[in-house]
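J.: Dropping in target.cif, which is mmCIF, C-alpha atoms and all ligand atoms:
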data_model
#
loop_
_atom_site.label_atom_id
_atom_site.label_comp_id
_atom_site.auth_asym_id
_atom_site.auth_seq_id
_atom_site.Cartn_x
_atom_site.Cartn_y
_atom_site.Cartn_z
CA LEU A 233 -43.71 -6.94 51.10
CA LYS A 234 -44.92 -4.32 48.65
CA ALA A 235 -48.43 -3.23 47.67
CA ILE A 236 -49.67 -1.18 44.76
CA ILE A 237 -52.94 0.67 45.33
CA LEU A 238 -55.02 1.84 42.38
CA ALA A 239 -55.89 5.37 43.38
CA GLY A 240 -56.25 7.22 40.09
CA GLY A 241 -59.93 6.90 39.13
CA PHE A 242 -62.19 9.90 38.52
CA GLY A 243 -64.95 8.54 40.77
CA THR A 244 -67.60 9.88 38.41
CA ARG A 245 -70.39 8.06 40.24
CA LEU A 246 -69.55 10.01 43.39
CA ARG A 247 -70.06 13.42 41.82
CA PRO A 248 -70.52 16.16 42.93
CA LEU A 249 -68.39 15.21 45.97
CA SER A 250 -65.64 13.73 43.79
CA CYS A 251 -65.42 16.93 41.71
CA THR A 252 -63.32 18.36 44.54
CA ARG A 253 -61.59 15.31 46.08
CA PRO A 254 -60.33 11.91 44.96
CA LYS A 255 -62.27 8.89 46.32
CA GLN A 256 -59.36 7.99 48.57
CA LEU A 257 -59.94 11.16 50.59
CA PHE A 258 -63.63 10.53 51.19
CA PRO A 259 -64.12 10.44 54.96
CA ILE A 260 -65.12 7.23 56.67
CA ALA A 261 -65.85 8.03 60.32
CA ASN A 262 -63.95 11.29 59.81
CA ARG A 263 -60.84 9.64 58.44
CA PRO A 264 -59.90 9.36 54.75
CA LEU A 265 -60.69 5.97 53.24
CA LEU A 266 -57.06 5.47 52.19
CA ASP A 267 -55.91 5.81 55.80
CA TRP A 268 -58.06 2.80 56.72
CA ILE A 269 -56.54 0.83 53.83
CA LEU A 270 -52.96 1.83 54.63
CA GLU A 271 -53.36 0.96 58.28
CA GLY A 272 -54.67 -2.52 57.36
CA LEU A 273 -51.67 -3.12 55.09
CA SER A 274 -49.21 -1.96 57.70
CA LYS A 275 -50.71 -4.37 60.26
CA SER A 276 -50.21 -7.19 57.75
CA GLY A 277 -46.49 -6.53 57.46
CA VAL A 278 -46.37 -4.45 54.26
CA THR A 279 -43.44 -2.03 54.30
CA GLU A 280 -43.67 -0.28 50.93
CA VAL A 281 -46.73 1.09 49.14
CA ILE A 282 -46.97 2.44 45.63
CA LEU A 283 -49.93 4.70 45.01
CA ALA A 284 -50.88 4.62 41.33
CA VAL A 285 -52.27 8.10 40.87
CA ASN A 286 -53.76 10.22 38.10
CA TYR A 287 -56.88 12.27 39.00
CA MET A 288 -55.93 14.87 41.66
CA ALA A 289 -52.52 13.23 42.06
CA ASP A 290 -51.00 16.30 43.75
CA VAL A 291 -53.73 16.41 46.37
CA LEU A 292 -53.08 12.75 47.26
CA GLN A 293 -49.32 13.17 47.31
CA ARG A 294 -49.53 16.24 49.53
CA TYR A 295 -51.87 14.53 51.96
CA PHE A 296 -50.20 11.12 52.28
CA GLY A 297 -46.54 12.18 51.89
CA ASN A 298 -43.70 9.67 51.74
CA TYR A 299 -44.06 7.79 55.02
CA ARG A 300 -47.20 6.66 56.81
CA TYR A 301 -48.05 3.87 59.28
CA GLU A 302 -44.37 2.88 59.25
CA MET A 303 -44.48 2.28 55.50
CA LYS A 304 -42.61 3.99 52.69
CA ILE A 305 -45.12 5.58 50.29
CA MET A 306 -44.15 6.01 46.63
CA TYR A 307 -46.14 7.48 43.76
CA SER A 308 -46.51 6.13 40.25
CA ARG A 309 -48.00 8.96 38.23
CA GLU A 310 -49.88 8.58 34.97
CA THR A 311 -50.02 11.20 32.26
CA LYS A 312 -53.38 9.77 31.11
CA PRO A 313 -55.81 7.35 32.80
CA LEU A 314 -54.48 3.81 32.37
CA GLY A 315 -57.47 1.89 33.74
CA THR A 316 -57.06 -0.82 36.35
CA GLY A 317 -54.43 -2.91 34.48
CA GLY A 318 -52.16 -0.27 32.92
CA PRO A 319 -50.97 1.16 36.27
CA ILE A 320 -49.37 -2.21 37.18
CA LYS A 321 -47.32 -2.16 33.96
CA ASN A 322 -46.52 1.52 34.50
CA ALA A 323 -44.95 0.69 37.88
CA GLU A 324 -43.16 -2.38 36.49
CA LYS A 325 -39.66 -1.23 37.46
CA ILE A 326 -40.48 -0.84 41.15
CA LEU A 327 -42.72 -3.92 41.26
CA LYS A 328 -40.63 -6.48 39.39
CA ALA A 329 -37.54 -5.98 41.55
CA ASP A 330 -38.43 -8.23 44.47
CA GLY A 331 -41.06 -10.89 43.98
CA LYS A 332 -44.72 -11.06 44.84
CA PHE A 333 -46.81 -8.02 45.72
CA PHE A 334 -50.35 -7.01 46.65
CA ILE A 335 -52.63 -5.12 44.27
CA LEU A 336 -55.54 -3.27 45.86
CA ASN A 337 -58.41 -1.18 44.60
CA GLY A 338 -58.20 2.07 46.50
CA ASP A 339 -61.94 2.48 46.98
CA VAL A 340 -62.85 -0.38 49.30
CA LEU A 341 -63.47 -0.30 53.04
CA THR A 342 -62.66 -3.75 54.37
CA ASN A 343 -61.03 -5.69 57.17
CA ILE A 344 -59.47 -8.28 54.85
CA GLN A 345 -56.57 -10.03 56.58
CA TYR A 346 -53.88 -9.43 53.98
CA SER A 347 -51.48 -11.75 55.80
CA ASN A 348 -54.01 -14.61 55.32
CA LEU A 349 -54.30 -13.72 51.64
CA GLU A 350 -50.52 -14.01 51.46
CA LYS A 351 -50.49 -17.39 53.25
CA ASN A 352 -53.14 -18.78 50.91
CA HIS A 353 -51.29 -17.49 47.88
CA ALA A 354 -48.06 -19.15 49.05
CA LYS A 355 -49.95 -22.45 49.35
CA TYR A 356 -51.46 -22.25 45.83
CA ARG A 357 -48.19 -21.09 44.33
CA LYS A 358 -46.33 -24.03 45.79
CA LYS A 359 -48.96 -26.63 44.92
CA TYR A 360 -50.23 -25.39 41.56
CA ASN A 361 -47.65 -22.85 40.37
CA SER A 362 -50.41 -20.22 40.29
CA THR A 363 -49.82 -16.56 39.43
CA LEU A 364 -52.50 -14.67 41.32
CA THR A 365 -54.82 -15.13 44.32
CA ILE A 366 -57.92 -13.00 44.29
CA THR A 367 -59.94 -12.14 47.42
CA LEU A 368 -63.61 -13.07 47.01
CA TYR A 369 -66.64 -11.83 48.85
CA GLU A 370 -70.16 -13.25 48.79
CA VAL A 371 -73.00 -10.85 47.96
CA GLU A 372 -76.71 -11.28 47.27
CA ASP A 373 -76.67 -9.51 43.90
CA PRO A 374 -73.32 -10.06 42.14
CA SER A 375 -74.43 -8.62 38.77
CA ARG A 376 -72.66 -5.26 39.13
CA PHE A 377 -69.32 -6.83 40.10
CA GLY A 378 -66.74 -9.23 38.68
CA VAL A 379 -68.00 -12.75 39.44
CA VAL A 380 -66.08 -16.05 39.54
CA GLU A 381 -66.74 -19.69 38.91
CA ILE A 382 -64.66 -21.55 41.46
CA GLY A 383 -63.72 -25.22 41.86
CA PRO A 384 -63.21 -27.40 44.95
CA THR A 385 -59.48 -26.57 45.19
CA ASN A 386 -60.36 -22.84 44.98
CA ARG A 387 -59.12 -22.68 41.41
CA ILE A 388 -60.96 -19.98 39.46
CA TYR A 389 -62.36 -21.52 36.29
CA ARG A 390 -63.98 -18.40 34.94
CA PHE A 391 -64.01 -14.66 35.67
CA VAL A 392 -66.90 -12.60 34.29
CA GLU A 393 -67.01 -8.83 34.75
CA LYS A 394 -70.53 -7.48 35.39
CA PRO A 395 -72.48 -10.53 34.12
CA LYS A 396 -76.06 -10.11 32.92
CA LEU A 397 -78.69 -10.65 35.59
CA GLY A 398 -79.34 -14.37 35.90
CA GLU A 399 -76.06 -15.32 34.17
CA GLU A 400 -73.77 -14.98 37.20
CA PRO A 401 -71.61 -18.09 37.71
CA SER A 402 -71.80 -17.69 41.53
CA LYS A 403 -72.39 -15.11 44.26
CA LEU A 404 -68.66 -14.71 44.85
CA ILE A 405 -67.37 -11.37 43.65
CA ASN A 406 -63.98 -9.77 43.16
CA ALA A 407 -63.20 -7.93 46.40
CA GLY A 408 -60.44 -5.85 44.73
CA ALA A 409 -57.48 -7.27 46.70
CA TYR A 410 -54.97 -9.63 45.09
CA LEU A 411 -51.60 -11.14 45.79
CA THR A 412 -49.66 -11.73 42.62
CA GLU A 413 -46.34 -12.88 41.25
CA PRO A 414 -44.52 -10.34 39.06
CA GLU A 415 -45.20 -12.50 36.00
CA ILE A 416 -48.69 -10.94 35.93
CA ILE A 417 -47.09 -8.07 34.04
CA ASP A 418 -46.61 -10.40 31.06
CA TYR A 419 -50.39 -10.89 30.95
CA ILE A 420 -51.14 -7.15 30.73
CA PRO A 421 -51.82 -6.63 27.00
CA SER A 422 -51.43 -2.84 26.67
CA ASP A 423 -50.45 0.33 28.51
CA LYS A 424 -54.10 1.17 29.13
CA CYS A 425 -56.39 -1.70 30.00
CA SER A 426 -58.70 -3.27 32.54
CA ILE A 427 -57.29 -5.96 34.82
CA GLU A 428 -60.81 -7.37 35.22
CA ARG A 429 -61.63 -7.61 31.51
CA ASP A 430 -58.22 -8.00 29.85
CA VAL A 431 -56.15 -9.99 32.37
CA PHE A 432 -58.31 -12.10 34.72
CA PRO A 433 -60.25 -14.07 32.07
CA SER A 434 -57.01 -15.29 30.45
CA LEU A 435 -55.34 -16.05 33.82
CA ALA A 436 -58.41 -18.08 34.82
CA GLN A 437 -58.45 -19.92 31.52
CA LYS A 438 -54.80 -20.92 31.98
CA GLY A 439 -55.47 -22.20 35.52
CA LYS A 440 -53.22 -19.54 37.04
CA MET A 441 -55.76 -17.89 39.33
CA TYR A 442 -57.03 -19.03 42.75
CA GLY A 443 -59.54 -17.61 45.21
CA PHE A 444 -59.37 -16.60 48.88
CA LYS A 445 -62.76 -16.04 50.54
CA HIS A 446 -63.19 -13.09 52.87
CA GLU A 447 -66.01 -12.93 55.39
CA GLY A 448 -66.30 -9.70 57.30
CA LEU A 449 -66.47 -6.03 56.43
CA TRP A 450 -66.40 -5.21 52.71
CA ILE A 451 -67.91 -2.17 51.03
CA ASP A 452 -66.90 -0.65 47.70
CA ILE A 453 -67.63 3.07 48.14
CA GLY A 454 -68.18 3.64 44.40
CA LYS A 455 -71.68 5.17 44.72
CA PRO A 456 -73.06 7.68 47.24
CA ASP A 457 -75.31 5.14 48.96
CA ASP A 458 -72.36 2.75 49.35
CA PHE A 459 -70.22 5.56 50.74
CA VAL A 460 -72.96 6.30 53.27
CA LYS A 461 -73.32 2.59 54.05
CA ALA A 462 -69.56 2.38 54.72
CA ASN A 463 -69.85 5.19 57.25
CA PHE A 464 -72.87 3.57 58.92
CA SER A 465 -70.99 0.26 59.19
CA VAL A 466 -68.03 1.88 60.94
CA MET A 467 -70.41 3.79 63.25
CA ASP A 468 -71.95 0.44 64.16
CA ILE A 469 -68.51 -0.80 65.15
CA ILE A 470 -67.01 2.19 66.96
CA ALA A 471 -69.96 4.30 68.13
CA LYS A 472 -72.90 1.95 68.47
CA ASP A 473 -73.84 2.36 72.12
CA LYS A 474 -72.07 5.58 72.94
CA PRO A 475 -71.52 8.51 70.57
CA LYS A 476 -67.92 9.37 69.79
CA ILE A 477 -67.31 13.06 70.47
CA GLY A 478 -64.12 14.87 69.41
CA ILE A 479 -62.01 17.31 71.36
CA ASP A 480 -62.90 20.98 71.93
CA THR A 481 -66.46 20.29 70.79
CA GLN A 482 -69.14 22.44 72.42
CA LEU A 483 -72.61 21.00 72.95
CA SER A 484 -75.17 23.54 74.24
CA SER A 485 -77.95 22.74 76.70
CA GLY A 486 -80.64 20.33 75.55
CA VAL A 487 -78.49 18.79 72.82
CA LYS A 488 -79.31 15.12 72.32
CA ILE A 489 -76.92 12.79 70.54
CA ILE A 490 -78.45 9.43 69.67
CA PRO A 491 -75.96 6.68 68.84
CA PRO A 492 -74.57 5.46 66.61
CA ALA A 493 -73.09 8.90 65.99
CA ILE A 494 -69.65 10.45 65.53
CA VAL A 495 -68.99 14.13 66.13
CA GLY A 496 -65.60 15.57 65.13
CA ASN A 497 -63.28 18.06 66.81
CA GLU A 498 -64.09 21.74 67.41
CA VAL A 499 -67.75 21.30 66.51
CA LYS A 500 -70.36 23.72 67.87
CA VAL A 501 -73.92 22.50 68.40
CA GLY A 502 -76.71 24.92 69.43
CA GLN A 503 -79.44 24.48 72.05
CA GLY A 504 -81.96 21.68 71.70
CA THR A 505 -80.44 20.20 68.55
CA HIS A 506 -80.89 16.45 68.04
CA ILE A 507 -78.15 14.49 66.26
CA GLY A 508 -78.44 10.82 65.29
CA PRO A 509 -78.90 8.02 64.86
CA TYR A 510 -76.37 7.30 62.10
CA VAL A 511 -74.76 10.70 61.79
CA THR A 512 -71.12 11.59 61.23
CA ILE A 513 -70.16 15.21 61.69
CA GLY A 514 -66.72 16.34 60.54
CA ASP A 515 -64.33 18.73 62.28
CA ASN A 516 -65.07 22.40 62.79
CA VAL A 517 -68.74 22.07 61.85
CA SER A 518 -71.23 24.58 63.21
CA ILE A 519 -74.87 23.63 63.85
CA GLY A 520 -77.48 26.09 65.17
CA ASN A 521 -80.33 25.72 67.66
CA GLY A 522 -83.25 23.30 67.29
CA CYS A 523 -81.86 21.34 64.33
CA LYS A 524 -82.60 17.67 63.67
CA ILE A 525 -79.98 15.61 61.86
CA SER A 526 -80.22 11.87 61.26
CA HIS A 527 -78.80 9.26 58.83
CA SER A 528 -76.46 11.85 57.30
CA ILE A 529 -72.83 12.77 56.83
CA LEU A 530 -71.62 16.34 57.28
CA PHE A 531 -68.11 17.00 55.99
CA ASN A 532 -65.58 19.27 57.74
CA ASN A 533 -66.27 23.00 58.07
CA SER A 534 -69.91 22.77 57.02
CA TRP A 535 -72.44 25.09 58.61
CA VAL A 536 -76.10 24.46 59.40
CA ASP A 537 -78.23 27.33 60.70
CA SER A 538 -80.99 26.99 63.30
CA TYR A 539 -84.20 24.93 63.00
CA SER A 540 -83.05 23.04 59.91
CA SER A 541 -83.46 19.31 59.44
CA ILE A 542 -81.20 16.99 57.49
CA ASN A 543 -82.21 13.36 57.06
CA GLY A 544 -80.53 10.86 54.73
CA ALA A 545 -78.23 13.41 53.08
CA ILE A 546 -74.57 14.29 52.56
CA VAL A 547 -73.37 17.85 53.19
CA GLY A 548 -70.03 18.63 51.51
CA GLU A 549 -67.07 20.44 53.03
CA GLY A 550 -67.72 24.08 53.85
CA ALA A 551 -71.32 23.91 52.60
CA VAL A 552 -73.72 26.38 54.17
CA VAL A 553 -77.33 25.50 55.02
CA GLY A 554 -79.65 28.36 56.03
CA GLN A 555 -82.40 28.48 58.69
CA TRP A 556 -85.56 26.35 58.51
CA VAL A 557 -84.09 24.32 55.63
CA LYS A 558 -85.22 20.73 55.09
CA ILE A 559 -82.92 18.34 53.20
CA GLU A 560 -83.95 14.71 52.85
CA ASN A 561 -83.60 11.33 51.08
CA ASN A 562 -80.32 11.01 49.20
CA CYS A 563 -79.69 14.70 48.59
CA ILE A 564 -76.04 15.70 48.21
CA LEU A 565 -74.60 19.19 48.65
CA GLY A 566 -71.22 19.64 46.93
CA ASP A 567 -68.42 21.42 48.77
CA TYR A 568 -69.15 25.09 49.56
CA ALA A 569 -72.71 24.92 48.18
CA VAL A 570 -75.00 27.51 49.77
CA ILE A 571 -78.67 26.77 50.51
CA SER A 572 -80.84 29.76 51.41
CA ASP A 573 -83.26 29.98 54.37
CA ASN A 574 -86.60 28.10 54.12
CA VAL A 575 -85.56 25.89 51.20
CA THR A 576 -86.78 22.26 51.05
CA PHE A 577 -85.16 19.44 49.04
CA THR A 578 -87.31 16.31 49.29
CA LYS A 579 -85.27 13.66 47.44
CA GLY A 580 -82.28 13.07 45.18
CA VAL A 581 -81.24 16.70 44.75
CA SER A 582 -77.55 17.00 43.97
CA VAL A 583 -75.96 20.46 44.14
CA CYS A 584 -72.64 21.21 42.42
CA PRO A 585 -69.75 22.67 44.44
CA SER A 586 -70.07 26.38 45.32
CA LYS A 587 -73.54 26.62 43.76
CA GLU A 588 -76.12 28.78 45.55
CA VAL A 589 -79.72 27.57 45.64
CA GLY A 590 -82.58 29.83 46.77
CA GLU A 591 -85.66 27.78 45.86
CA SER A 592 -87.16 24.50 47.02
CA ILE A 593 -86.76 21.47 44.73
CA LEU A 594 -89.27 18.69 45.24
CA GLU A 595 -88.01 16.09 42.77
CA PRO A 596 -84.63 14.47 41.97
CA LYS A 597 -82.47 17.02 40.13
CA GLN A 598 -78.85 17.99 39.52
CA VAL A 599 -78.23 21.66 40.17
CA MET A 600 -75.22 22.74 38.11
P1 LIG B 701 -66.18 5.69 38.46
O1 LIG B 701 -65.76 6.78 37.51
O2 LIG B 701 -67.29 6.15 39.38
O3 LIG B 701 -66.46 4.38 37.81
O4 LIG B 701 -64.95 5.42 39.47
P2 LIG B 701 -63.42 5.08 39.15
O5 LIG B 701 -62.90 5.94 38.07
O6 LIG B 701 -62.69 5.17 40.45
O7 LIG B 701 -63.46 3.60 38.60
P3 LIG B 701 -63.56 2.21 39.39
O8 LIG B 701 -64.54 2.33 40.50
O9 LIG B 701 -63.80 1.14 38.42
O10 LIG B 701 -62.09 2.06 39.96
C1 LIG B 701 -61.67 0.98 40.76
C2 LIG B 701 -60.33 1.39 41.38
O11 LIG B 701 -59.37 1.62 40.36
C3 LIG B 701 -60.42 2.69 42.17
O12 LIG B 701 -59.60 2.57 43.31
C4 LIG B 701 -59.88 3.72 41.22
O13 LIG B 701 -59.24 4.80 41.92
C5 LIG B 701 -58.87 2.93 40.42
N1 LIG B 701 -58.73 3.42 39.04
C6 LIG B 701 -59.71 3.50 38.07
N2 LIG B 701 -59.19 4.00 36.94
C7 LIG B 701 -57.87 4.23 37.17
C8 LIG B 701 -56.78 4.75 36.38
O14 LIG B 701 -56.93 5.10 35.21
N3 LIG B 701 -55.56 4.83 36.98
C9 LIG B 701 -55.35 4.45 38.28
N4 LIG B 701 -54.13 4.59 38.79
N5 LIG B 701 -56.34 3.98 39.04
C10 LIG B 701 -57.58 3.85 38.50
#
Any chance you could put this one into structure tokens?
T.:
Amino acid sequence: LKAIILAGGFGTRLRPLSCTRPKQLFPIANRPLLDWILEGLSKSGVTEVILAVNYMADVLQRYFGNYRYEMKIMYSRETKPLGTGGPIKNAEKILKADGKFFILNGDVLTNIQYSNLEKNHAKYRKKYNSTLTITLYEVEDPSRFGVVEIGPTNRIYRFVEKPKLGEEPSKLINAGAYLTEPEIIDYIPSDKCSIERDVFPSLAQKGKMYGFKHEGLWIDIGKPDDFVKANFSVMDIIAKDKPKIGIDTQLSSGVKIIPPAIVGNEVKVGQGTHIGPYVTIGDNVSIGNGCKISHSILFNNSWVDSYSSINGAIVGEGAVVGQWVKIENNCILGDYAVISDNVTFTKGVSVCPSKEVGESILEPKQVM
């Protein structure tokens, strides 16, 4: 079986971190999101993956190469962004050759059983001659997602993208994982289009679309708080009672690591520093003495000097935080940002990559 993964978006809502990396390389428990997705597909018997790429295509191609998790990886490159529908048409030649295939959004952390999606699709195809089976996930507030109206046989009667509050047909949303017959390509109206707005409503109207409900892990990492939530969820699964510590990591005396917490490889932590709960520290990170870090994600190669505290923040790759710095509540430091000694950021401060900041900022602000 083949799968095409949409991996070409700009990830504008994840700026400044997405200025320097595509969403698929955002770390979830110190491992790129796309690795989690690829591993799940491989376990479900997929043997060939097409990555539909545009933004930072070279970076993705260099990182993932041509073979991973026993699957052949191919790249369908776009010369301009084609949305979420266009990339399927763009890869038509590879996709149409041998029957049904998976389509996945490349920005979702989930444990969807793709083999069950396939089984359900086979059932609906046989019984109702359907074209596509969409994975559905129940959420409390569906208004920022694609929402379906579904019947007793799991036929989708209606698909509404981002309905107005109070006008949602159900709480079942598009989980961004589909199994489709190649005939879907005939429903794609133009080279650049949205599968959610331009394809699904007409498939639903023609009775060609069925639903498969997923219950389990599902987080779309589109916004910083969702990206953080995805990391916390994985910490809850793999490092809940005992912190996960990498190799060649040096913890000085008096260091306390409160689970759930994940510390990468070759990390240095100074005396008396407290880490956790809900902290992921990347590889080759250096943290000084007497620091306090909780509910935060520190990317690889970042550097935090002594007596600083970081709570509820994201520190980008190679970012440098001085001594006695306080960073709190949804602040984000872009890659290689530099924060001087004694600076305080209280909430929602977002610092662009490589930017140096020498003064405290006590209100939400983007530092360009
Ligand atoms: P925002 O700019 O923050 O909305 O993010 P995004 O550009 O990634 O858009 P969105 O979250 O709607 O994308 C859903 C999925 O489709 C993600 O996996 C994107 O990588 C992918 N995607 C979005 N636009 C394109 C595109 O033009 N080409 C390809 N190949 N994939 C895309």
J.: Can you work out which residues are within 8 Å of ligand LIG 701 (chain B), considering all atoms listed in the file, and then hand them over as a ChimeraX atom specification?
T.: /A:237-246,254-256,283-287,308-310,312-316,318-319,336-340,408,424,454-455
J.: Can you write just those residues out, C-alpha atoms, as a PDB file, in the frame of the given file?
T.:
ATOM      1  CA  ILE A 237     -52.940   0.670  45.330  1.00  0.00           C
ATOM      2  CA  LEU A 238     -55.020   1.840  42.380  1.00  0.00           C
ATOM      3  CA  ALA A 239     -55.890   5.370  43.380  1.00  0.00           C
ATOM      4  CA  GLY A 240     -56.250   7.220  40.090  1.00  0.00           C
ATOM      5  CA  GLY A 241     -59.930   6.900  39.130  1.00  0.00           C
ATOM      6  CA  PHE A 242     -62.190   9.900  38.520  1.00  0.00           C
ATOM      7  CA  GLY A 243     -64.950   8.540  40.770  1.00  0.00           C
ATOM      8  CA  THR A 244     -67.600   9.880  38.410  1.00  0.00           C
ATOM      9  CA  ARG A 245     -70.390   8.060  40.240  1.00  0.00           C
ATOM     10  CA  LEU A 246     -69.550  10.010  43.390  1.00  0.00           C
ATOM     11  CA  PRO A 254     -60.330  11.910  44.960  1.00  0.00           C
ATOM     12  CA  LYS A 255     -62.270   8.890  46.320  1.00  0.00           C
ATOM     13  CA  GLN A 256     -59.360   7.990  48.570  1.00  0.00           C
ATOM     14  CA  LEU A 283     -49.930   4.700  45.010  1.00  0.00           C
ATOM     15  CA  ALA A 284     -50.880   4.620  41.330  1.00  0.00           C
ATOM     16  CA  VAL A 285     -52.270   8.100  40.870  1.00  0.00           C
ATOM     17  CA  ASN A 286     -53.760  10.220  38.100  1.00  0.00           C
ATOM     18  CA  TYR A 287     -56.880  12.270  39.000  1.00  0.00           C
ATOM     19  CA  SER A 308     -46.510   6.130  40.250  1.00  0.00           C
ATOM     20  CA  ARG A 309     -48.000   8.960  38.230  1.00  0.00           C
ATOM     21  CA  GLU A 310     -49.880   8.580  34.970  1.00  0.00           C
ATOM     22  CA  LYS A 312     -53.380   9.770  31.110  1.00  0.00           C
ATOM     23  CA  PRO A 313     -55.810   7.350  32.800  1.00  0.00           C
ATOM     24  CA  LEU A 314     -54.480   3.810  32.370  1.00  0.00           C
ATOM     25  CA  GLY A 315     -57.470   1.890  33.740  1.00  0.00           C
ATOM     26  CA  THR A 316     -57.060  -0.820  36.350  1.00  0.00           C
ATOM     27  CA  GLY A 318     -52.160  -0.270  32.920  1.00  0.00           C
ATOM     28  CA  PRO A 319     -50.970   1.160  36.270  1.00  0.00           C
ATOM     29  CA  LEU A 336     -55.540  -3.270  45.860  1.00  0.00           C
ATOM     30  CA  ASN A 337     -58.410  -1.180  44.600  1.00  0.00           C
ATOM     31  CA  GLY A 338     -58.200   2.070  46.500  1.00  0.00           C
ATOM     32  CA  ASP A 339     -61.940   2.480  46.980  1.00  0.00           C
ATOM     33  CA  VAL A 340     -62.850  -0.380  49.300  1.00  0.00           C
ATOM     34  CA  GLY A 408     -60.440  -5.850  44.730  1.00  0.00           C
ATOM     35  CA  LYS A 424     -54.100   1.170  29.130  1.00  0.00           C
ATOM     36  CA  GLY A 454     -68.180   3.640  44.400  1.00  0.00           C
ATOM     37  CA  LYS A 455     -71.680   5.170  44.720  1.00  0.00           C
TER      38      LYS A 455
END
J.: With only C-alpha atoms as the basis for distance, which of A:Glu498, A:Glu280, A:Glu400, A:Asp457 is at the shortest distance from Ala545 of chain A?
T.: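 Result for the nearest residue to Ala545 of chain A: A:Asp457.
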J.: Which one is closest to Ile420 of chain A: A:Ser541, A:Ser434, A:Asn574, A:Gln345? Count all atoms listed in the file.
T.: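 Closest candidate: A:Ser434.
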J.: For Gly478 of chain A, list every protein, DNA or RNA residue within 12 Å, evaluated using only C-alpha atoms, and leave out those in the same chain fewer than 3 positions away; present the list as number ranges by chain.
T.: A: 261-262, 475, 481-483, 493-500, 512-517
J.: Residues as selected, C-alpha atoms, written as a compact mmCIF listing (two decimals), keeping the file's coordinate frame, can you do that?
T.:
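Result file follows (part.txt):
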# COMPACT_ATOMS: atom_id res chain seq x y z
CA ALA A 261 -65.85 8.03 60.32
CA ASN A 262 -63.95 11.29 59.81
CA PRO A 475 -71.52 8.51 70.57
CA THR A 481 -66.46 20.29 70.79
CA GLN A 482 -69.14 22.44 72.42
CA LEU A 483 -72.61 21.00 72.95
CA ALA A 493 -73.09 8.90 65.99
CA ILE A 494 -69.65 10.45 65.53
CA VAL A 495 -68.99 14.13 66.13
CA GLY A 496 -65.60 15.57 65.13
CA ASN A 497 -63.28 18.06 66.81
CA GLU A 498 -64.09 21.74 67.41
CA VAL A 499 -67.75 21.30 66.51
CA LYS A 500 -70.36 23.72 67.87
CA THR A 512 -71.12 11.59 61.23
CA ILE A 513 -70.16 15.21 61.69
CA GLY A 514 -66.72 16.34 60.54
CA ASP A 515 -64.33 18.73 62.28
CA ASN A 516 -65.07 22.40 62.79
CA VAL A 517 -68.74 22.07 61.85
J.: What does the distance from atom CA of Ser540 of chain A to atom CA of Arg263 of chain A come to in Å, to one decimal?
T.: 26.0 Å
J.: One decimal, in Å: what's the spacing between atom CA of Thr412 of chain A and atom CA of Pro259 of chain A?
T.: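 Between these atoms lies a distance of 29.2 Å.
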J.: Go through A:Ser485, A:Ser465, A:Asn298, A:Ser426 and flag the residue nearest Gly448 of chain A, using all atoms listed in the file for the distances.
T.: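 For Gly448 of chain A, the nearest of the given residues is A:Ser465.
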J.: Just to confirm, what's the straight-line distance from atom CA of Thr365 of chain A to atom CA of Gly439 of chain A in Å (one decimal)?
T.: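 The value is 11.3 Å.
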J.: Let me make sure I understand: among A:Glu560, A:Ser347, A:Leu530, A:Ala462, which one has the smallest atom-to-atom distance to Ile542 of chain A if we use only C-alpha atoms?
T.: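 So, comparing all the options, the nearest one is A:Glu560.
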J.: Find the residue from A:Asn348, A:Asn532, A:Thr367, A:Ser592 that sits nearest to Ser572 of chain A; use only C-alpha atoms when measuring.
T.: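 Going through A:Asn348, A:Asn532, A:Thr367, A:Ser592 one by one, the smallest distance to Ser572 of chain A is for A:Ser592.
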J.: A:Tyr568, A:Tyr442, A:Tyr389, A:Tyr360: which is nearest Ser402 of chain A, counting all atoms listed in the file?
T.: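 Closest candidate: A:Tyr389.
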J.: At a cut-off of 9 Å, using only C-alpha atoms, what residues contact Ser518 of chain A? Leave out same-chain residues fewer than 5 positions from it and give the result as a count of residues only.
T.: 10
J.: Just add N, CA, C and O atoms to segment 285-289 of chain A and send it as a short mmCIF file (atom, residue, chain, number, x, y, z; two decimals), in the coordinates of the input.
T.:
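Once written, out10.cif looks like this:
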data_model
loop_
_atom_site.label_atom_id
_atom_site.label_comp_id
_atom_site.auth_asym_id
_atom_site.auth_seq_id
_atom_site.Cartn_x
_atom_site.Cartn_y
_atom_site.Cartn_z
N VAL A 285 -51.42 6.92 40.82
CA VAL A 285 -52.27 8.10 40.87
C VAL A 285 -52.40 8.79 39.51
O VAL A 285 -51.50 8.72 38.68
N ASN A 286 -53.53 9.46 39.33
CA ASN A 286 -53.76 10.22 38.10
C ASN A 286 -54.64 11.42 38.45
O ASN A 286 -54.13 12.52 38.64
N TYR A 287 -55.96 11.18 38.64
CA TYR A 287 -56.88 12.27 39.00
C TYR A 287 -56.50 12.85 40.37
O TYR A 287 -56.37 12.11 41.34
N MET A 288 -56.28 14.17 40.42
CA MET A 288 -55.93 14.87 41.66
C MET A 288 -54.71 14.27 42.36
O MET A 288 -54.67 14.14 43.59
N ALA A 289 -53.72 13.88 41.53
CA ALA A 289 -52.52 13.23 42.06
C ALA A 289 -51.80 14.10 43.10
O ALA A 289 -51.36 13.62 44.14
#
